[in-house]
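Asks: Sharing a structure with you now.
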Amino acid sequence: MRVIAWLVEGTWPACVDAVRTHAPEADEVVLLHVSGPDVPEVAHGAFAGLLGRGGPKRDPGTRLEDLGSTSAAELLEAAAERLGRPCV
């Protein structure tokens with residue numbers, strides 16, 4: 001059987017602990033984190049409202065996308081470590 005654990009900031013440790021407690025060792029565990037595009041899109045839109053002043057390198061939406069990806073990767077890494085068994 002495959003167990004999918006949907007992880008979000010704040011409550012992911014309890015979710016991982018529940019998987020560790022209730023999922024049999026033979027089950028495949030999939031850790032899932034989903035981030036919405038809302039915040040980076042708002043930042044892109046605000047920057048576009050400046051009509052390109054400052055150049056594309058200064059678009060804050062790109063920085064927010066990068067931060068979100070890094071944060072998600074760190075969360076998944078911490079969750080896998082806390083789980084203490086093979087997971088995807």
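Following the order of the structure tokens, chains are lettered A, B, ..., residues in each are numbered from 1, and ligands are numbered from 1.
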Would you mind listing what lies within 9 Å of A:Ser35 as a ChimeraX atom specification, with only C-alpha atoms counted and same-chain residues fewer than 2 positions away left out?
Replies: /A:8,33,37-38,68-69,72
Asks: Can I get the selection written as a PDB file, in the first residue's frame, with N, CA and C atoms?
Replies:
```pdb
ATOM      1  N   VAL A   8       2.238  20.437   5.594  1.00  0.00           N
ATOM      2  CA  VAL A   8       2.136  21.895   5.551  1.00  0.00           C
ATOM      3  C   VAL A   8       2.933  22.474   6.718  1.00  0.00           C
ATOM      4  N   HIS A  33       4.362  18.094  -0.376  1.00  0.00           N
ATOM      5  CA  HIS A  33       4.200  19.487   0.037  1.00  0.00           C
ATOM      6  C   HIS A  33       3.781  20.280  -1.192  1.00  0.00           C
ATOM      7  N   PRO A  37       0.809  29.301  -6.077  1.00  0.00           N
ATOM      8  CA  PRO A  37       1.547  30.344  -6.791  1.00  0.00           C
ATOM      9  C   PRO A  37       1.071  31.760  -6.452  1.00  0.00           C
ATOM     10  N   ASP A  38       0.147  31.895  -5.513  1.00  0.00           N
ATOM     11  CA  ASP A  38      -0.505  33.179  -5.260  1.00  0.00           C
ATOM     12  C   ASP A  38       0.456  34.301  -4.893  1.00  0.00           C
ATOM     13  N   GLY A  68      10.352  30.019  -1.817  1.00  0.00           N
ATOM     14  CA  GLY A  68       9.341  28.986  -1.615  1.00  0.00           C
ATOM     15  C   GLY A  68       9.866  27.601  -1.933  1.00  0.00           C
ATOM     16  N   SER A  69      10.616  27.490  -3.008  1.00  0.00           N
ATOM     17  CA  SER A  69      11.205  26.194  -3.387  1.00  0.00           C
ATOM     18  C   SER A  69      12.208  25.716  -2.338  1.00  0.00           C
ATOM     19  N   ALA A  72      10.306  24.627   0.837  1.00  0.00           N
ATOM     20  CA  ALA A  72       9.639  23.336   0.640  1.00  0.00           C
ATOM     21  C   ALA A  72      10.648  22.193   0.690  1.00  0.00           C
TER      22      ALA A  72
END
```
Asks: Pick out each residue of chain A that DSSP on the backbone tags as strand (DSSP E); I need them as a ChimeraX atom specification.
Replies: /A:2-6,28-32
Asks: Which residue out of A:Gly45, A:Gly84, A:Leu31, A:Arg63 has the minimum interatomic distance to A:Trp6 when only C-alpha atoms are used?
Replies: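 That would be A:Leu31, the residue with the smallest distance to A:Trp6.
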Asks: Grab the atom CA of A:Pro60 to atom CA of A:Trp12 distance for me, in Å with one decimal place.
Replies: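 The value is 27.6 Å.
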Asks: Of the candidates A:Leu64, A:Met1, A:Ala14, A:Leu76, which one gets nearest to A:Leu32 if we count only C-alpha atoms?
Replies: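 Closest residue, counting only C-alpha atoms: A:Leu76.
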Asks: Give me, as a PyMOL selection string, all polymer residues having an atom no more than 12 Å from A:Ala79, counting only C-alpha atoms and skipping those fewer than 2 positions away in the same chain.
Replies: chain A and resi 5-20+29-33+72-77+81-88
Asks: Put those residues in a file: N, CA and C atoms, as a CSV table (one decimal), in the first residue's frame.
Replies:
```csv
chain,number,residue,atom,x,y,z
A,5,ALA,N,1.5,11.4,2.7
A,5,ALA,CA,1.4,12.4,3.8
A,5,ALA,C,1.5,13.8,3.2
A,6,TRP,N,0.4,14.6,3.3
A,6,TRP,CA,0.4,15.9,2.8
A,6,TRP,C,0.9,16.8,3.9
A,7,LEU,N,2.1,17.5,3.7
A,7,LEU,CA,2.7,18.2,4.7
A,7,LEU,C,2.5,19.7,4.5
A,8,VAL,N,2.2,20.4,5.6
A,8,VAL,CA,2.1,21.9,5.6
A,8,VAL,C,2.9,22.5,6.7
A,9,GLU,N,3.4,23.7,6.6
A,9,GLU,CA,4.1,24.4,7.6
A,9,GLU,C,3.3,24.4,8.9
A,10,GLY,N,4.0,24.2,10.0
A,10,GLY,CA,3.3,24.2,11.3
A,10,GLY,C,2.8,22.9,11.8
A,11,THR,N,2.2,22.1,11.0
A,11,THR,CA,1.6,20.8,11.5
A,11,THR,C,2.3,19.6,10.9
A,12,TRP,N,3.4,19.8,10.1
A,12,TRP,CA,4.0,18.6,9.5
A,12,TRP,C,4.6,17.6,10.5
A,13,PRO,N,5.1,18.1,11.6
A,13,PRO,CA,5.7,17.1,12.5
A,13,PRO,C,4.7,16.1,13.1
A,14,ALA,N,3.5,16.6,13.4
A,14,ALA,CA,2.4,15.7,13.8
A,14,ALA,C,2.0,14.7,12.8
A,15,CYS,N,1.9,15.2,11.5
A,15,CYS,CA,1.6,14.3,10.4
A,15,CYS,C,2.6,13.2,10.2
A,16,VAL,N,3.9,13.6,10.3
A,16,VAL,CA,5.0,12.6,10.1
A,16,VAL,C,4.9,11.6,11.3
A,17,ASP,N,4.7,12.1,12.5
A,17,ASP,CA,4.6,11.2,13.6
A,17,ASP,C,3.4,10.2,13.5
A,18,ALA,N,2.3,10.6,12.9
A,18,ALA,CA,1.2,9.8,12.7
A,18,ALA,C,1.5,8.7,11.7
A,19,VAL,N,2.2,9.0,10.6
A,19,VAL,CA,2.6,8.0,9.6
A,19,VAL,C,3.6,7.0,10.3
A,20,ARG,N,4.5,7.5,11.1
A,20,ARG,CA,5.5,6.6,11.7
A,20,ARG,C,4.7,5.7,12.7
A,29,VAL,N,5.9,5.2,1.6
A,29,VAL,CA,5.5,6.5,2.2
A,29,VAL,C,5.9,7.6,1.2
A,30,VAL,N,4.9,8.4,0.8
A,30,VAL,CA,5.2,9.5,-0.1
A,30,VAL,C,4.9,10.8,0.7
A,31,LEU,N,5.9,11.7,0.8
A,31,LEU,CA,5.8,13.0,1.5
A,31,LEU,C,5.5,14.0,0.4
A,32,LEU,N,4.4,14.8,0.6
A,32,LEU,CA,3.9,15.7,-0.4
A,32,LEU,C,3.8,17.1,0.3
A,33,HIS,N,4.4,18.1,-0.4
A,33,HIS,CA,4.2,19.5,0.0
A,33,HIS,C,3.8,20.3,-1.2
A,72,ALA,N,10.3,24.6,0.8
A,72,ALA,CA,9.6,23.3,0.6
A,72,ALA,C,10.6,22.2,0.7
A,73,ALA,N,11.8,22.4,0.1
A,73,ALA,CA,12.8,21.3,0.1
A,73,ALA,C,13.3,21.1,1.5
A,74,GLU,N,13.5,22.1,2.2
A,74,GLU,CA,14.0,22.0,3.6
A,74,GLU,C,12.9,21.3,4.5
A,75,LEU,N,11.7,21.6,4.3
A,75,LEU,CA,10.6,21.0,5.0
A,75,LEU,C,10.6,19.5,4.7
A,76,LEU,N,10.6,19.1,3.4
A,76,LEU,CA,10.6,17.7,3.0
A,76,LEU,C,11.8,17.0,3.6
A,77,GLU,N,13.0,17.6,3.6
A,77,GLU,CA,14.2,16.9,4.1
A,77,GLU,C,14.0,16.7,5.6
A,81,GLU,N,13.8,13.0,7.5
A,81,GLU,CA,14.7,12.7,8.6
A,81,GLU,C,13.9,12.3,9.9
A,82,ARG,N,12.8,13.0,10.1
A,82,ARG,CA,12.0,12.7,11.3
A,82,ARG,C,11.2,11.4,11.1
A,83,LEU,N,10.8,11.0,9.9
A,83,LEU,CA,10.2,9.8,9.6
A,83,LEU,C,11.1,8.6,9.9
A,84,GLY,N,12.4,8.7,9.5
A,84,GLY,CA,13.3,7.7,9.9
A,84,GLY,C,13.2,6.4,9.2
A,85,ARG,N,12.6,6.4,8.0
A,85,ARG,CA,12.5,5.2,7.1
A,85,ARG,C,12.5,5.7,5.7
A,86,PRO,N,12.7,4.8,4.7
A,86,PRO,CA,12.7,5.2,3.3
A,86,PRO,C,11.3,5.8,2.9
A,87,CYS,N,11.4,6.9,2.1
A,87,CYS,CA,10.3,7.6,1.6
A,87,CYS,C,10.6,8.3,0.3
A,88,VAL,N,9.6,8.7,-0.4
A,88,VAL,CA,9.7,9.4,-1.6
A,88,VAL,C,9.2,10.8,-1.5
```
